[in-house]
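Trainee: For reference, this is structure.tsv, and it has TSV, C-alpha atoms.
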chain	number	residue	atom	x	y	z
A	1	MET	CA	-32.13	17.28	-8.03
A	2	PRO	CA	-32.08	19.54	-4.95
A	3	LEU	CA	-35.23	20.27	-2.99
A	4	THR	CA	-35.49	23.14	-0.54
A	5	SER	CA	-38.19	23.92	1.97
A	6	ASP	CA	-38.99	25.34	5.36
A	7	SER	CA	-41.48	23.94	7.82
A	8	ASP	CA	-44.37	25.59	5.98
A	9	ARG	CA	-43.39	25.51	2.30
A	10	ILE	CA	-41.69	23.31	-0.29
A	11	VAL	CA	-39.97	24.57	-3.47
A	12	VAL	CA	-38.62	22.13	-6.04
A	13	PRO	CA	-36.25	24.10	-7.16
A	14	ASP	CA	-11.16	17.61	-33.87
A	15	VAL	CA	-10.86	15.48	-30.70
A	16	ASP	CA	-9.37	12.11	-29.86
A	17	GLU	CA	-10.58	9.93	-27.01
A	18	ALA	CA	-9.08	7.02	-25.14
A	19	ILE	CA	-10.79	5.12	-22.35
A	20	HIS	CA	-8.89	2.66	-20.18
A	21	VAL	CA	-10.76	0.69	-17.57
A	22	GLY	CA	-9.36	-1.56	-14.89
A	23	LYS	CA	-11.33	-3.57	-12.37
A	24	LEU	CA	-10.65	-5.65	-9.31
A	25	GLY	CA	-9.72	-8.98	-10.86
A	26	ALA	CA	-10.42	-12.52	-9.81
A	27	ASP	CA	-6.81	-12.85	-8.70
A	28	ARG	CA	-7.41	-10.23	-5.99
A	29	PRO	CA	-8.14	-11.57	-2.50
A	30	LYS	CA	-11.79	-12.55	-2.33
A	31	ARG	CA	-12.04	-11.36	1.26
A	32	LEU	CA	-11.81	-7.82	-0.13
A	33	ALA	CA	-14.64	-8.31	-2.58
A	34	TRP	CA	-17.19	-6.47	-0.46
A	35	PHE	CA	-14.92	-3.45	-0.15
A	36	THR	CA	-15.84	-2.30	-3.68
A	37	PRO	CA	-18.22	0.58	-3.03
A	38	LEU	CA	-20.42	2.40	-5.47
A	39	LEU	CA	-20.80	6.14	-5.24
A	40	ARG	CA	-24.07	7.81	-5.70
A	41	SER	CA	-25.04	11.05	-4.12
A	42	PHE	CA	-27.86	13.53	-4.15
A	43	THR	CA	-28.92	16.68	-2.35
A	44	MET	CA	-32.19	17.66	-0.77
A	45	SER	CA	-32.70	20.73	1.31
A	46	VAL	CA	-36.35	20.80	3.56
A	47	ALA	CA	-34.79	21.63	3.83
A	48	ARG	CA	-33.59	18.24	2.58
A	49	GLY	CA	-31.82	18.35	1.69
A	50	ALA	CA	-11.34	2.34	3.93
A	51	ARG	CA	-10.04	3.89	2.23
A	52	PRO	CA	-7.02	1.97	0.78
A	53	ALA	CA	-4.77	0.19	3.27
A	54	GLN	CA	-2.31	3.01	2.64
A	55	PRO	CA	-4.76	5.92	2.34
A	56	THR	CA	-4.34	8.75	-0.11
A	57	ARG	CA	-4.71	12.06	1.65
A	58	PRO	CA	-7.69	14.09	0.42
A	59	THR	CA	-6.99	17.57	-0.85
A	60	HIS	CA	-8.96	20.61	-1.84
A	61	ALA	CA	-10.32	20.51	-5.37
A	62	TRP	CA	-7.96	23.17	-6.70
A	63	HIS	CA	-4.93	21.15	-5.63
A	64	ALA	CA	-6.12	17.71	-6.64
A	65	LEU	CA	-7.25	18.86	-10.07
A	66	GLY	CA	-4.62	21.47	-10.77
A	67	LEU	CA	-1.39	19.72	-9.80
A	68	ALA	CA	-0.45	18.48	-13.27
A	69	ALA	CA	-1.88	21.55	-14.95
A	70	LEU	CA	0.52	23.84	-13.10
A	71	LEU	CA	3.19	22.60	-15.49
A	72	ALA	CA	1.19	24.20	-18.30
A	73	GLY	CA	0.72	27.56	-16.58
A	74	PRO	CA	-1.84	29.38	-14.41
A	75	ALA	CA	-4.53	29.55	-17.10
A	76	ALA	CA	-4.40	25.78	-17.63
A	77	ALA	CA	-4.54	25.17	-13.88
A	78	GLN	CA	-7.62	27.39	-13.60
A	79	ASP	CA	-9.35	25.56	-16.45
A	80	THR	CA	-8.49	22.17	-14.95
A	81	ALA	CA	-9.90	23.13	-11.55
A	82	ALA	CA	-13.07	24.39	-13.27
A	83	LEU	CA	-13.83	20.95	-14.74
A	84	LEU	CA	-14.77	19.19	-11.46
A	85	PRO	CA	-17.81	21.37	-10.64
A	86	LEU	CA	-19.04	20.86	-14.20
A	87	ILE	CA	-18.71	17.08	-13.90
A	88	ASN	CA	-20.36	16.94	-10.49
A	89	ALA	CA	-23.23	19.17	-11.59
A	90	TYR	CA	-23.76	16.85	-14.57
A	91	ARG	CA	-23.80	13.78	-12.30
A	92	ASP	CA	-26.18	15.42	-9.83
A	93	ALA	CA	-29.33	14.93	-11.92
A	94	PRO	CA	-30.82	12.16	-14.09
A	95	ARG	CA	-29.47	12.33	-17.64
A	96	GLN	CA	-30.20	10.86	-21.06
A	97	CYS	CA	-27.14	8.99	-22.31
A	98	ASP	CA	-26.79	6.56	-25.22
A	99	GLY	CA	-30.55	6.35	-25.56
A	100	LYS	CA	-31.09	5.43	-21.90
A	101	ARG	CA	-32.16	7.35	-18.82
A	102	HIS	CA	-29.44	7.31	-16.17
A	103	PRO	CA	-30.20	8.18	-12.52
A	104	ALA	CA	-28.25	10.80	-10.61
A	105	ALA	CA	-24.78	9.52	-9.78
A	106	GLY	CA	-23.59	12.18	-7.36
A	107	PRO	CA	-20.30	13.92	-6.62
A	108	LEU	CA	-16.74	12.72	-7.12
A	109	ALA	CA	-14.13	13.61	-4.50
A	110	PRO	CA	-10.86	15.11	-5.81
A	111	VAL	CA	-7.71	13.11	-5.09
A	112	ALA	CA	-4.31	14.52	-6.06
A	113	VAL	CA	-2.66	11.20	-6.85
A	114	LEU	CA	-5.25	10.48	-9.55
A	115	ALA	CA	-4.19	13.68	-11.33
A	116	GLU	CA	-0.61	12.42	-11.48
A	117	VAL	CA	-1.28	9.26	-13.53
A	118	PRO	CA	0.58	9.49	-16.85
A	119	VAL	CA	-1.27	9.22	-20.15
A	120	GLY	CA	-0.75	5.83	-21.74
A	121	SER	CA	-1.09	3.78	-18.55
A	122	GLY	CA	-3.76	1.75	-20.37
A	123	SER	CA	-4.26	-1.76	-19.05
A	124	GLU	CA	-1.62	-1.08	-16.38
A	125	LEU	CA	-3.71	1.67	-14.79
A	126	MET	CA	-4.52	-0.38	-11.69
A	127	ASP	CA	-0.85	-1.22	-11.13
A	128	VAL	CA	0.19	2.39	-11.69
A	129	LEU	CA	-2.30	3.50	-9.02
A	130	LYS	CA	-1.12	0.77	-6.66
A	131	GLY	CA	2.45	1.96	-7.11
A	132	LYS	CA	1.33	5.41	-6.00
A	133	GLY	CA	-0.29	3.99	-2.87
A	134	TYR	CA	-3.86	4.06	-4.18
A	135	LEU	CA	-5.56	0.66	-4.00
A	136	ALA	CA	-8.42	0.78	-6.49
A	137	ALA	CA	-11.38	-1.53	-6.87
A	138	SER	CA	-11.92	-0.08	-10.35
A	139	ALA	CA	-10.58	2.82	-12.39
A	140	ALA	CA	-10.97	4.44	-15.79
A	141	MET	CA	-8.97	7.02	-17.72
A	142	LEU	CA	-10.43	9.39	-20.30
A	143	THR	CA	-8.01	11.34	-22.48
A	144	THR	CA	-8.68	14.12	-24.95
A	145	SER	CA	-6.52	16.22	-27.24
A	146	GLY	CA	-7.25	19.36	-29.19
A	147	VAL	CA	-9.55	20.79	-26.52
A	148	GLY	CA	-8.60	24.00	-24.75
A	149	SER	CA	-11.17	24.90	-22.09
A	150	ALA	CA	-13.00	23.06	-19.32
A	151	GLU	CA	-16.32	23.88	-20.97
A	152	ALA	CA	-15.16	22.36	-24.28
A	153	VAL	CA	-13.89	19.24	-22.52
A	154	MET	CA	-17.22	18.90	-20.74
A	155	ARG	CA	-19.13	19.15	-24.01
A	156	PHE	CA	-16.94	16.42	-25.45
A	157	LEU	CA	-17.33	14.15	-22.43
A	158	LYS	CA	-21.11	14.48	-22.50
A	159	ALA	CA	-21.20	13.69	-26.21
A	160	ARG	CA	-18.66	10.87	-26.33
A	161	SER	CA	-18.13	9.45	-22.83
A	162	CYS	CA	-21.39	10.04	-20.97
A	163	ARG	CA	-21.68	6.45	-19.73
A	164	THR	CA	-18.27	6.58	-18.05
A	165	LEU	CA	-18.91	10.05	-16.72
A	166	LEU	CA	-22.25	8.98	-15.21
A	167	ASP	CA	-21.01	5.65	-13.84
A	168	PRO	CA	-22.21	5.50	-10.21
A	169	GLY	CA	-19.41	3.05	-9.42
A	170	PHE	CA	-16.77	5.79	-9.31
A	171	ALA	CA	-16.17	7.82	-6.15
A	172	GLU	CA	-13.05	9.89	-6.80
A	173	ILE	CA	-11.40	11.84	-9.61
A	174	GLY	CA	-8.18	13.46	-10.73
A	175	VAL	CA	-7.68	15.74	-13.74
A	176	GLY	CA	-4.37	16.54	-15.39
A	177	ARG	CA	-3.55	18.73	-18.36
A	178	ARG	CA	-0.58	19.57	-20.53
A	179	GLY	CA	-1.42	22.09	-23.22
A	180	GLU	CA	-4.52	20.81	-25.02
A	181	ARG	CA	-3.97	17.24	-23.82
A	182	TRP	CA	-6.30	16.36	-20.93
A	183	ARG	CA	-6.59	13.22	-18.83
A	184	ILE	CA	-9.41	12.44	-16.43
A	185	VAL	CA	-9.00	9.48	-14.07
A	186	LEU	CA	-12.08	8.18	-12.24
A	187	ALA	CA	-11.66	5.53	-9.56
A	188	ARG	CA	-13.30	3.66	-6.72
A	189	PRO	CA	-11.00	2.85	-3.79
A	190	LEU	CA	-11.00	-0.28	-1.73
A	191	LEU	CA	-12.72	0.40	1.57
A	192	SER	CA	-10.58	-0.01	4.66
A	193	PRO	CA	-11.77	-2.67	7.13
A	194	ASP	CA	-10.59	-0.42	9.99
A	195	LEU	CA	-13.47	2.08	10.09
A	196	PRO	CA	-14.28	4.24	13.14
A	197	GLY	CA	-17.65	4.17	14.88
A	198	TRP	CA	-20.43	6.13	13.23
A	199	ARG	CA	-20.52	8.82	15.94
A	200	GLU	CA	-16.78	9.40	15.66
A	201	ALA	CA	-17.09	9.60	11.88
A	202	GLY	CA	-20.06	11.95	12.18
A	203	GLN	CA	-18.09	14.28	14.46
A	204	ALA	CA	-15.27	14.21	11.90
A	205	VAL	CA	-17.75	15.23	9.17
A	206	LEU	CA	-18.80	18.12	11.42
A	207	GLU	CA	-15.17	19.18	11.79
A	208	HIS	CA	-14.60	19.14	8.02
A	209	THR	CA	-17.87	21.00	7.47
A	210	ASN	CA	-16.94	23.74	9.92
A	211	THR	CA	-13.49	24.04	8.35
A	212	ALA	CA	-15.21	24.70	5.02
A	213	ARG	CA	-17.65	27.18	6.57
A	214	ALA	CA	-14.80	29.12	8.19
A	215	THR	CA	-13.78	30.60	4.83
A	216	SER	CA	-15.61	31.86	1.76
A	217	GLN	CA	-16.48	29.20	-0.81
A	218	ARG	CA	-17.79	29.02	-4.35
A	219	CYS	CA	-20.50	26.43	-4.91
A	220	GLY	CA	-20.77	26.21	-8.67
A	221	ASP	CA	-21.74	29.70	-9.83
A	222	ARG	CA	-22.79	30.83	-6.34
A	223	ALA	CA	-20.38	32.60	-3.97
A	224	PHE	CA	-20.81	32.15	-0.21
A	225	ALA	CA	-19.22	34.17	2.54
A	226	ALA	CA	-17.85	32.42	5.60
A	227	ALA	CA	-20.61	31.09	7.85
A	228	PRO	CA	-20.77	30.45	11.60
A	229	PRO	CA	-19.76	26.96	12.75
A	230	LEU	CA	-22.42	24.30	13.17
A	231	VAL	CA	-23.04	22.55	16.48
A	232	TRP	CA	-23.48	18.79	16.79
A	233	ASP	CA	-27.02	17.68	17.61
A	234	ALA	CA	-27.58	14.13	18.81
A	235	LYS	CA	-31.13	13.98	17.43
A	236	LEU	CA	-29.97	14.95	13.95
A	237	GLY	CA	-27.20	12.38	14.30
A	238	ALA	CA	-29.82	9.74	15.15
A	239	ALA	CA	-31.89	10.74	12.10
A	240	ALA	CA	-28.79	10.45	9.91
A	241	ARG	CA	-28.02	7.02	11.36
A	242	VAL	CA	-31.55	5.78	10.68
A	243	HIS	CA	-31.41	6.80	7.04
A	244	SER	CA	-27.90	5.45	6.43
A	245	ARG	CA	-28.93	2.13	7.94
A	246	ASP	CA	-32.10	2.05	5.85
A	247	MET	CA	-30.18	2.68	2.62
A	248	ALA	CA	-27.60	0.04	3.50
A	249	ARG	CA	-30.14	-2.63	4.44
A	250	ARG	CA	-32.40	-1.99	1.44
A	251	ASN	CA	-29.46	-1.54	-0.95
A	252	ARG	CA	-31.08	1.69	-2.16
A	253	PHE	CA	-29.63	5.13	-2.65
A	254	GLU	CA	-32.28	7.82	-2.28
A	255	HIS	CA	-33.62	10.41	0.12
A	256	SER	CA	-36.99	8.68	0.44
A	257	GLY	CA	-37.46	6.10	3.19
A	258	PRO	CA	-39.33	2.80	2.79
A	259	GLN	CA	-42.71	4.52	3.27
A	260	GLY	CA	-41.72	7.60	1.29
A	261	GLY	CA	-40.53	9.52	4.35
A	262	GLN	CA	-38.19	12.46	3.82
A	263	ALA	CA	-35.51	14.22	5.88
A	264	GLY	CA	-37.96	16.46	7.73
A	265	GLY	CA	-40.07	13.52	8.85
A	266	ARG	CA	-37.03	11.57	10.03
A	267	ALA	CA	-35.81	14.58	12.05
A	268	THR	CA	-39.26	14.96	13.62
A	269	ARG	CA	-39.43	11.27	14.53
A	270	ALA	CA	-36.02	11.63	16.18
A	271	GLY	CA	-37.52	14.35	18.41
A	272	TYR	CA	-36.01	17.36	16.61
A	273	GLU	CA	-38.36	20.38	16.40
A	274	TRP	CA	-37.21	22.29	13.36
A	275	GLN	CA	-37.69	25.41	11.31
A	276	ARG	CA	-35.39	24.19	8.54
A	277	VAL	CA	-33.82	20.84	7.72
A	278	GLY	CA	-31.30	19.85	5.04
A	279	GLU	CA	-29.79	16.55	3.95
A	280	ASN	CA	-26.82	15.36	1.90
A	281	ILE	CA	-26.36	11.66	1.12
A	282	ALA	CA	-23.52	9.73	-0.48
A	283	ALA	CA	-22.33	6.16	-0.85
A	284	GLY	CA	-18.94	4.57	-1.35
A	285	GLN	CA	-16.45	6.95	0.28
A	286	GLY	CA	-14.44	5.28	2.99
A	287	SER	CA	-13.76	8.22	5.31
A	288	ALA	CA	-15.29	11.39	6.69
A	289	ALA	CA	-12.62	13.41	4.90
A	290	GLN	CA	-13.44	11.94	1.50
A	291	VAL	CA	-17.21	12.16	1.77
A	292	SER	CA	-16.85	15.77	2.94
A	293	ALA	CA	-14.57	16.52	-0.02
A	294	ALA	CA	-17.10	14.99	-2.42
A	295	TRP	CA	-19.98	17.06	-1.01
A	296	LEU	CA	-17.92	20.25	-1.05
A	297	ALA	CA	-16.86	19.63	-4.66
A	298	SER	CA	-20.48	19.29	-5.80
A	299	PRO	CA	-22.28	22.63	-6.30
A	300	HIS	CA	-25.67	21.62	-4.84
A	301	HIS	CA	-24.24	19.68	-1.88
A	302	CYS	CA	-21.86	22.56	-1.22
A	303	VAL	CA	-24.84	24.95	-0.91
A	304	ASN	CA	-26.17	22.92	2.02
A	305	ILE	CA	-22.75	22.97	3.68
A	306	MET	CA	-22.40	26.75	3.33
A	307	ASN	CA	-26.02	27.69	4.08
A	308	PRO	CA	-25.77	30.29	6.89
A	309	ASN	CA	-29.35	29.57	7.98
A	310	PHE	CA	-28.37	26.17	9.39
A	311	THR	CA	-27.05	26.12	12.94
A	312	GLN	CA	-26.83	22.41	13.85
A	313	MET	CA	-25.77	19.15	12.21
A	314	GLY	CA	-25.60	15.38	12.64
A	315	ALA	CA	-24.01	12.76	10.40
A	316	ALA	CA	-23.59	9.00	10.27
A	317	PHE	CA	-22.72	6.07	8.04
A	318	ASP	CA	-23.73	2.44	7.89
A	319	VAL	CA	-22.02	-0.55	6.29
A	320	ALA	CA	-23.69	-3.51	4.58
A	321	ARG	CA	-21.32	-6.10	3.15
A	322	SER	CA	-23.85	-7.45	0.69
A	323	SER	CA	-24.93	-4.06	-0.69
A	324	ASP	CA	-23.76	-2.47	-3.92
A	325	ALA	CA	-22.03	0.45	-2.25
A	326	GLY	CA	-20.76	-1.14	0.96
A	327	ILE	CA	-21.07	2.11	2.92
A	328	TYR	CA	-23.78	4.80	2.98
A	329	TRP	CA	-23.49	8.31	4.39
A	330	THR	CA	-26.10	10.82	5.56
A	331	GLN	CA	-25.50	14.41	6.70
A	332	VAL	CA	-28.47	16.21	8.25
A	333	PHE	CA	-28.54	19.96	8.83
A	334	GLY	CA	-31.07	21.76	11.01
A	335	THR	CA	-32.27	24.98	12.57
A	336	PRO	CA	-34.44	24.42	15.64
A	337	LYS	CA	-37.65	26.25	16.45
Turn the structure described in the file into structure tokens.
Mentor:
Amino acid sequence: MPLTSDSDRIVVPDVDEAIHVGKLGADRPKRLAWFTPLLRSFTMSVARGARPAQPTRPTHAWHALGLAALLAGPAAAQDTAALLPLINAYRDAPRQCDGKRHPAAGPLAPVAVLAEVPVGSGSELMDVLKGKGYLAASAAMLTTSGVGSAEAVMRFLKARSCRTLLDPGFAEIGVGRRGERWRIVLARPLLSPDLPGWREAGQAVLEHTNTARATSQRCGDRAFAAAPPLVWDAKLGAAARVHSRDMARRNRFEHSGPQGGQAGGRATRAGYEWQRVGENIAAGQGSAAQVSAAWLASPHHCVNIMNPNFTQMGAAFDVARSSDAGIYWTQVFGTPK
């Protein structure tokens, strides 16, 4: 759930189904076992707020989700692209599913190649993805028929496939459609061992963020005009590094620190005097491009990215081989006093 505040206030703001799941098997090299990240993500605004050996290039949500749907016409492509914000909004908050309370799972990043997987891949899904250059740690395919709109598909998924939809182990998604036949592929990529330093990655997140802010964006049902570019701030970068390291070492995914500290407190301890602070977190994506795509494709995270009241930013990741996610990301936004 998003939380927004300034320095002096806080405001808590007839269907068929097939599921095919593949996982990294025992016959895979054991040295890659730790490169099997989970994805969870959340947004707080105080404002609080690798990849495969042959990486798949990230794309904007409309392209990654609409590629297969273009064969069915513009209306189908529009409906297909509309499904990702619905899924990410659903994952963004705790949900009741199959009689159990599931924590927030966070946004999925759109990947075009996942939208190109043919229906019927079944137990060969992992091999099909590998043949397309996508090395997956795990993957699942949901298929539906007899459903016309994104809203109807979403209602079906929540009723029949909520556990798969809320699985925090998936980081990326592709959606294809032909007529009333839909396929949704969720996957978690193997994390590349050749990662850049955290400062370099943080600067890359800044570049992707400013690219997004340079044009108008729609964050769920909210429209944002283009916003001025953010400037890197070393103190916010240090605060992001501290929180990413804390999450990695404690194997926890949350905005709260070990003593309950939040984004504003971490920024203050880093020496940043702020009017407004925001924070996005994520876990499991293996590159700055993919984590940025995931945040932008999630309505609440996107709001932080497009908020014109922020003027500065820092970002960082940290890796822990023994943790569930493997890699943890923090993006901190700020406006100084």
Trainee: Rank A:Asp98, A:Gly237, A:Pro118, A:Ala289 by their smallest atom-to-atom distance to Arg178 (chain A), using all atoms listed in the file, and report the top residue only.
Mentor: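 Nearest candidate to Arg178 (chain A) out of A:Asp98, A:Gly237, A:Pro118, A:Ala289: A:Pro118.
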Trainee: So the first atom is CA of Ala263 (chain A) and the second is CA of Gly286 (chain A); what is the distance between them in Å, to one decimal place?
Mentor: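 According to the coordinates, CA of Ala263 (chain A) and CA of Gly286 (chain A) are separated by 23.1 Å.
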Trainee: Between CA of Asn280 (chain A) and CA of His255 (chain A), what is the spacing in Å?
Mentor: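 Taking CA of His255 (chain A) as the start and CA of Asn280 (chain A) as the end point, the length is 8.6 Å.
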Trainee: Expressed in Å to a single decimal, how great is the separation between CA of Gly133 (chain A) and CA of Ala283 (chain A)?
Mentor: 22.2 Å
Trainee: Report as number ranges by chain all protein, DNA and RNA residues lying within 8 Å of Trp274 (chain A), evaluated on all atoms listed in the file, omitting residues in the same chain fewer than 6 positions from it.
Mentor: A: 7, 267-268, 334-337
Trainee: Counting all atoms listed in the file, which residue out of A:Gly148, A:Gly271, A:Pro85, A:Pro168 sits closest to His102 (chain A)?
Mentor: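 Checking each of A:Gly148, A:Gly271, A:Pro85, A:Pro168 against His102 (chain A), counting all atoms listed in the file, the winner is A:Pro168.
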Trainee: So which residues touch region 309-324 of chain A within 7 Å, counting only C-alpha atoms, skipping near sequence neighbours fewer than 2 positions away, as a VMD selection string?
Mentor: chain A and resid 34 37 to 38 198 to 199 201 to 202 205 230 to 234 236 to 237 240 to 241 244 to 245 248 to 249 251 307 326 to 335
Trainee: Counting all atoms listed in the file, which residue out of A:Glu116, A:Glu151, A:Glu254, A:Glu279 sits closest to Arg177 (chain A)?
Mentor: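 Ranked by minimum distance to Arg177 (chain A), first place goes to A:Glu116.
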Trainee: Given the choices A:Ala159, A:Ala150, A:Ala109, A:Leu166, which gets closest to Ala294 (chain A) if the distance is worked out from all atoms listed in the file?
Mentor: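 Among A:Ala159, A:Ala150, A:Ala109, A:Leu166, it is A:Ala109 that comes nearest to Ala294 (chain A).
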Trainee: Kindly indicate which residue among A:Leu135, A:Ala104, A:Val117, A:Ala82 lies nearest to Ile281 (chain A), using all atoms listed in the file for the distances.
Mentor: A:Ala104
Trainee: Which of these, A:Leu129, A:Arg181, A:His301, A:Ala214, has the shortest distance to Gly146 (chain A) once you count only C-alpha atoms?
Mentor: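 Among the listed residues, A:Arg181 lies closest to Gly146 (chain A).
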Trainee: Could you model N, CA and C atoms for region 114-141 of chain A and present them as an mmCIF file, in the coordinates of the input?
Mentor:
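New file part_19.cif:
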data_model
loop_
_atom_site.group_PDB
_atom_site.id
_atom_site.type_symbol
_atom_site.label_atom_id
_atom_site.label_comp_id
_atom_site.auth_asym_id
_atom_site.auth_seq_id
_atom_site.Cartn_x
_atom_site.Cartn_y
_atom_site.Cartn_z
ATOM 1 N N LEU A 114 -4.601 10.865 -8.304
ATOM 2 C CA LEU A 114 -5.250 10.480 -9.550
ATOM 3 C C LEU A 114 -4.925 11.453 -10.676
ATOM 4 N N ALA A 115 -4.568 12.687 -10.322
ATOM 5 C CA ALA A 115 -4.190 13.680 -11.330
ATOM 6 C C ALA A 115 -2.772 13.465 -11.828
ATOM 7 N N GLU A 116 -2.017 12.618 -11.150
ATOM 8 C CA GLU A 116 -0.610 12.420 -11.480
ATOM 9 C C GLU A 116 -0.376 11.203 -12.372
ATOM 10 N N VAL A 117 -1.438 10.459 -12.713
ATOM 11 C CA VAL A 117 -1.280 9.260 -13.530
ATOM 12 C C VAL A 117 -0.901 9.661 -14.948
ATOM 13 N N PRO A 118 0.165 9.102 -15.506
ATOM 14 C CA PRO A 118 0.580 9.490 -16.850
ATOM 15 C C PRO A 118 -0.350 8.943 -17.924
ATOM 16 N N VAL A 119 -0.514 9.691 -18.996
ATOM 17 C CA VAL A 119 -1.270 9.220 -20.150
ATOM 18 C C VAL A 119 -0.565 7.990 -20.721
ATOM 19 N N GLY A 120 -1.331 7.027 -21.154
ATOM 20 C CA GLY A 120 -0.750 5.830 -21.740
ATOM 21 C C GLY A 120 -0.612 4.691 -20.749
ATOM 22 N N SER A 121 -1.148 4.872 -19.523
ATOM 23 C CA SER A 121 -1.090 3.780 -18.550
ATOM 24 C C SER A 121 -1.877 2.575 -19.029
ATOM 25 N N GLY A 122 -2.994 2.822 -19.735
ATOM 26 C CA GLY A 122 -3.760 1.750 -20.370
ATOM 27 C C GLY A 122 -4.141 0.641 -19.423
ATOM 28 N N SER A 123 -3.867 -0.600 -19.852
ATOM 29 C CA SER A 123 -4.260 -1.760 -19.050
ATOM 30 C C SER A 123 -3.482 -1.856 -17.760
ATOM 31 N N GLU A 124 -2.427 -1.059 -17.606
ATOM 32 C CA GLU A 124 -1.620 -1.080 -16.380
ATOM 33 C C GLU A 124 -2.092 -0.033 -15.384
ATOM 34 N N LEU A 125 -3.229 0.583 -15.632
ATOM 35 C CA LEU A 125 -3.710 1.670 -14.790
ATOM 36 C C LEU A 125 -3.806 1.251 -13.329
ATOM 37 N N MET A 126 -4.373 0.071 -13.079
ATOM 38 C CA MET A 126 -4.520 -0.380 -11.690
ATOM 39 C C MET A 126 -3.164 -0.519 -11.005
ATOM 40 N N ASP A 127 -2.185 -1.059 -11.717
ATOM 41 C CA ASP A 127 -0.850 -1.220 -11.130
ATOM 42 C C ASP A 127 -0.163 0.114 -10.923
ATOM 43 N N VAL A 128 -0.378 1.054 -11.852
ATOM 44 C CA VAL A 128 0.190 2.390 -11.690
ATOM 45 C C VAL A 128 -0.362 3.039 -10.423
ATOM 46 N N LEU A 129 -1.683 2.929 -10.221
ATOM 47 C CA LEU A 129 -2.300 3.500 -9.020
ATOM 48 C C LEU A 129 -1.772 2.816 -7.759
ATOM 49 N N LYS A 130 -1.638 1.508 -7.816
ATOM 50 C CA LYS A 130 -1.120 0.770 -6.660
ATOM 51 C C LYS A 130 0.287 1.241 -6.311
ATOM 52 N N GLY A 131 1.099 1.485 -7.347
ATOM 53 C CA GLY A 131 2.450 1.960 -7.110
ATOM 54 C C GLY A 131 2.495 3.330 -6.468
ATOM 55 N N LYS A 132 1.425 4.094 -6.619
ATOM 56 C CA LYS A 132 1.330 5.410 -6.000
ATOM 57 C C LYS A 132 0.631 5.371 -4.645
ATOM 58 N N GLY A 133 0.336 4.137 -4.178
ATOM 59 C CA GLY A 133 -0.290 3.990 -2.870
ATOM 60 C C GLY A 133 -1.793 4.049 -2.880
ATOM 61 N N TYR A 134 -2.401 4.012 -4.069
ATOM 62 C CA TYR A 134 -3.860 4.060 -4.180
ATOM 63 C C TYR A 134 -4.355 2.688 -4.602
ATOM 64 N N LEU A 135 -5.040 1.983 -3.707
ATOM 65 C CA LEU A 135 -5.560 0.660 -4.000
ATOM 66 C C LEU A 135 -6.978 0.806 -4.534
ATOM 67 N N ALA A 136 -7.147 0.547 -5.821
ATOM 68 C CA ALA A 136 -8.420 0.780 -6.490
ATOM 69 C C ALA A 136 -9.194 -0.502 -6.693
ATOM 70 N N ALA A 137 -10.503 -0.433 -6.492
ATOM 71 C CA ALA A 137 -11.380 -1.530 -6.870
ATOM 72 C C ALA A 137 -11.653 -1.485 -8.363
ATOM 73 N N SER A 138 -11.772 -0.261 -8.915
ATOM 74 C CA SER A 138 -11.920 -0.080 -10.350
ATOM 75 C C SER A 138 -11.447 1.325 -10.698
ATOM 76 N N ALA A 139 -11.070 1.509 -11.954
ATOM 77 C CA ALA A 139 -10.580 2.820 -12.390
ATOM 78 C C ALA A 139 -10.749 2.935 -13.888
ATOM 79 N N ALA A 140 -10.870 4.170 -14.357
ATOM 80 C CA ALA A 140 -10.970 4.440 -15.790
ATOM 81 C C ALA A 140 -10.233 5.732 -16.095
ATOM 82 N N MET A 141 -9.632 5.797 -17.275
ATOM 83 C CA MET A 141 -8.970 7.020 -17.720
ATOM 84 C C MET A 141 -9.607 7.480 -19.023
#
